[in-house]
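Asks: I have a structure here, written as structure tokens, and I will follow up with some questions on it.
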Amino acid sequence: MTLLAFDRSRLDSLRVAIGAAIDDLARIRCDDPQAADTMRAIRRAGHTLTETCLPRVHDILRSEAMTSCRSSDIDTREVLRSAYSTMHDRGWEMTTDPLPLVPPSPHVRTFDEVLVDVRSGVLVPMTAPLDANGRAGAHYTSLTFAAANPVLLASKDETSNLLKFVDFISDALPVGWREQETVAIYYLASARITSAVHVLTAYDRHDGPETLQGLTTEAVVSGYMIIHTDDTVGEVSVGIGPGEQDPTQSIVIAAQSSSTYSGMFFPDTTPDFQDRGDQPRFESPNLWTFTKSSAPMVDRWGTWEL
Amino acid sequence: MRATAMRMRALATSIGGSRAMTVHSRGGLDTWIGPTPQLCDDALLSMRRQLQSAQQSSSDTARRLERQADAVQHQLSISKLAPK
């Protein structure tokens, strides 16, 4: 269950302000042909207020807010729980979200349909992040994707026969190598994409590069994320027991694993990137971050390619 | 041209003075918190950006028309002064 918390008097004030804004916009008139685009923008703004914002505020104000809230009712994520608890302590009212979080998608393709549409060019990938091309001091960008409920359409094992063979014989060797390649496709509804600008310099791969302030933009868009994951494990093992033994009966004494991913996002519509405000936000967790820069990769970052 | 420029300026002023430009300040984390409020706040901020862009565009058009009107007027005054 998704909850929201609100201050009734301030929300009522927002309702009045939206009504006043709608009245103001409706009063603006200009028949001059030069003003056609401006008038269209004003009508769009009025439509947003009338059709999107005001109904949501009305629904929340009309809802029967809970007077108390059990922690088990609250979203399981700790951050949300903490935020809601704080709001409850401040005397805010809480209620279930009266409207769906995201509009239902008209049609979500299957795994195979996505691949067919990607190959045929029906699905167009999002513009790739800027690449510094290895030039020190050059700017490059990273794209971070966050979504509340990513839907895994399917995942398929793409490991080559050679790697499967290496994996097989590793069972009988003192030094083994196991590698698995997987392709997964997710549908992200209303994913928040954050584009951040960095300068190519040396950085700690655990902390990542410094982000240039004031240049971060973001967009909200739905679409398909194709992720190619490569998991590798190198291991050293010794046989169990003295003398001649079954070579497959061994114990791993040392292992080193790594996991990398690459991928691309195919949006339903062209993302409209806007400046990111400074206000604290209520956000879904980041799922993937991509870059094309050939600099040493940051932990948990992936490469923008398929 | 000057009349159109004046209308465009008036339009830009109307947009700037509209309460739609400030309505977003009534929302935010001091008013409500949750996924739907966040989407609604985003919609308000996006609408404000659209209006700011429309206001800027109207002002730019007005300036351009005024410059053109000045240029035409200048040409006319030169042609009047020229010996016949």
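Ordering of the structure tokens sets the chain letters (A, B, ...), residue numbers begin anew at 1 in every chain, and ligands are numbered from 1 in the order given.
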Residues of chain B within 10 Å of chain A: nearest atom pair and distance (Å, one decimal) for each, counting only C-alpha atoms, sorted by chain and number, as JSON lines?

Replies:
{"residue": "B:Thr4", "atom": "CA", "partner": "A:Asp32", "partner_atom": "CA", "distance": 7.2}
{"residue": "B:Ala5", "atom": "CA", "partner": "A:Gln34", "partner_atom": "CA", "distance": 9.3}
{"residue": "B:Arg7", "atom": "CA", "partner": "A:Cys30", "partner_atom": "CA", "distance": 7.4}
{"residue": "B:Met8", "atom": "CA", "partner": "A:Ala35", "partner_atom": "CA", "distance": 6.8}
{"residue": "B:Ala10", "atom": "CA", "partner": "A:Cys30", "partner_atom": "CA", "distance": 9.2}
{"residue": "B:Leu11", "atom": "CA", "partner": "A:Cys30", "partner_atom": "CA", "distance": 7.1}
{"residue": "B:Ala12", "atom": "CA", "partner": "A:Thr38", "partner_atom": "CA", "distance": 8.9}
{"residue": "B:Ser14", "atom": "CA", "partner": "A:Ile28", "partner_atom": "CA", "distance": 6.7}
{"residue": "B:Ile15", "atom": "CA", "partner": "A:Ile28", "partner_atom": "CA", "distance": 7.7}
{"residue": "B:Gly17", "atom": "CA", "partner": "A:Asp24", "partner_atom": "CA", "distance": 8.8}
{"residue": "B:Ser18", "atom": "CA", "partner": "A:Asp24", "partner_atom": "CA", "distance": 5.6}
{"residue": "B:Arg19", "atom": "CA", "partner": "A:Ala21", "partner_atom": "CA", "distance": 4.8}
{"residue": "B:Ala20", "atom": "CA", "partner": "A:Ala21", "partner_atom": "CA", "distance": 4.3}
{"residue": "B:Met21", "atom": "CA", "partner": "A:Ala21", "partner_atom": "CA", "distance": 7.9}
{"residue": "B:Thr22", "atom": "CA", "partner": "A:Ala21", "partner_atom": "CA", "distance": 8.5}
{"residue": "B:Val23", "atom": "CA", "partner": "A:Ala17", "partner_atom": "CA", "distance": 5.8}
{"residue": "B:His24", "atom": "CA", "partner": "A:Leu14", "partner_atom": "CA", "distance": 8.3}
{"residue": "B:Ser25", "atom": "CA", "partner": "A:Leu14", "partner_atom": "CA", "distance": 8.6}
{"residue": "B:Arg26", "atom": "CA", "partner": "A:Leu14", "partner_atom": "CA", "distance": 5.1}
{"residue": "B:Gly27", "atom": "CA", "partner": "A:Leu14", "partner_atom": "CA", "distance": 6.3}
{"residue": "B:Gly28", "atom": "CA", "partner": "A:Gln279", "partner_atom": "CA", "distance": 8.3}
{"residue": "B:Leu29", "atom": "CA", "partner": "A:Pro280", "partner_atom": "CA", "distance": 7.9}
{"residue": "B:Asp30", "atom": "CA", "partner": "A:Asp7", "partner_atom": "CA", "distance": 7.7}
{"residue": "B:Thr31", "atom": "CA", "partner": "A:Asp7", "partner_atom": "CA", "distance": 5.3}
{"residue": "B:Trp32", "atom": "CA", "partner": "A:Phe6", "partner_atom": "CA", "distance": 4.0}
{"residue": "B:Ile33", "atom": "CA", "partner": "A:Ala5", "partner_atom": "CA", "distance": 5.3}
{"residue": "B:Gly34", "atom": "CA", "partner": "A:Leu4", "partner_atom": "CA", "distance": 4.5}
{"residue": "B:Pro35", "atom": "CA", "partner": "A:Leu101", "partner_atom": "CA", "distance": 6.5}
{"residue": "B:Thr36", "atom": "CA", "partner": "A:Leu101", "partner_atom": "CA", "distance": 5.9}
{"residue": "B:Pro37", "atom": "CA", "partner": "A:Leu4", "partner_atom": "CA", "distance": 7.7}
{"residue": "B:Gln38", "atom": "CA", "partner": "A:Phe282", "partner_atom": "CA", "distance": 6.7}
{"residue": "B:Leu39", "atom": "CA", "partner": "A:Leu101", "partner_atom": "CA", "distance": 8.3}
{"residue": "B:Cys40", "atom": "CA", "partner": "A:Cys53", "partner_atom": "CA", "distance": 5.7}
{"residue": "B:Asp41", "atom": "CA", "partner": "A:Cys53", "partner_atom": "CA", "distance": 8.3}
{"residue": "B:Asp42", "atom": "CA", "partner": "A:Val220", "partner_atom": "CA", "distance": 9.5}
{"residue": "B:Ala43", "atom": "CA", "partner": "A:Thr48", "partner_atom": "CA", "distance": 7.2}
{"residue": "B:Leu44", "atom": "CA", "partner": "A:Leu49", "partner_atom": "CA", "distance": 7.6}
{"residue": "B:Leu45", "atom": "CA", "partner": "A:Gly277", "partner_atom": "CA", "distance": 9.2}
{"residue": "B:Ser46", "atom": "CA", "partner": "A:Gln274", "partner_atom": "CA", "distance": 8.2}
{"residue": "B:Met47", "atom": "CA", "partner": "A:Ala45", "partner_atom": "CA", "distance": 5.4}
{"residue": "B:Arg48", "atom": "CA", "partner": "A:Ala45", "partner_atom": "CA", "distance": 7.9}
{"residue": "B:Arg49", "atom": "CA", "partner": "A:Gln274", "partner_atom": "CA", "distance": 8.8}
{"residue": "B:Gln50", "atom": "CA", "partner": "A:Ala41", "partner_atom": "CA", "distance": 6.6}
{"residue": "B:Leu51", "atom": "CA", "partner": "A:Ile42", "partner_atom": "CA", "distance": 6.7}
{"residue": "B:Gln52", "atom": "CA", "partner": "A:Ala41", "partner_atom": "CA", "distance": 9.9}
{"residue": "B:Ser53", "atom": "CA", "partner": "A:Thr38", "partner_atom": "CA", "distance": 8.7}
{"residue": "B:Ala54", "atom": "CA", "partner": "A:Thr38", "partner_atom": "CA", "distance": 5.1}
{"residue": "B:Gln55", "atom": "CA", "partner": "A:Thr38", "partner_atom": "CA", "distance": 7.5}
{"residue": "B:Gln56", "atom": "CA", "partner": "A:Thr38", "partner_atom": "CA", "distance": 9.6}
{"residue": "B:Ser57", "atom": "CA", "partner": "A:Thr38", "partner_atom": "CA", "distance": 7.5}
{"residue": "B:Ser58", "atom": "CA", "partner": "A:Thr38", "partner_atom": "CA", "distance": 6.9}
{"residue": "B:Thr61", "atom": "CA", "partner": "A:Gln34", "partner_atom": "CA", "distance": 7.9}
{"residue": "B:Ala62", "atom": "CA", "partner": "A:Gln34", "partner_atom": "CA", "distance": 9.5}

Asks: Please return, as number ranges by chain, all residues of segment 27-65 of chain B that DSSP assigns to helix (DSSP H, G or I) on the basis of the backbone.

Replies: B: 35-65

Asks: Please report the interatomic distance between atom CA of Ser257 of chain A and atom CA of Gly234 of chain A in Å with one decimal.

Replies: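 Those two atoms sit 6.3 Å apart.
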
Asks: Provide the atom CA of Leu173 of chain A to atom CA of Asp157 of chain A distance in Å, to one decimal place.

Replies: 24.1 Å
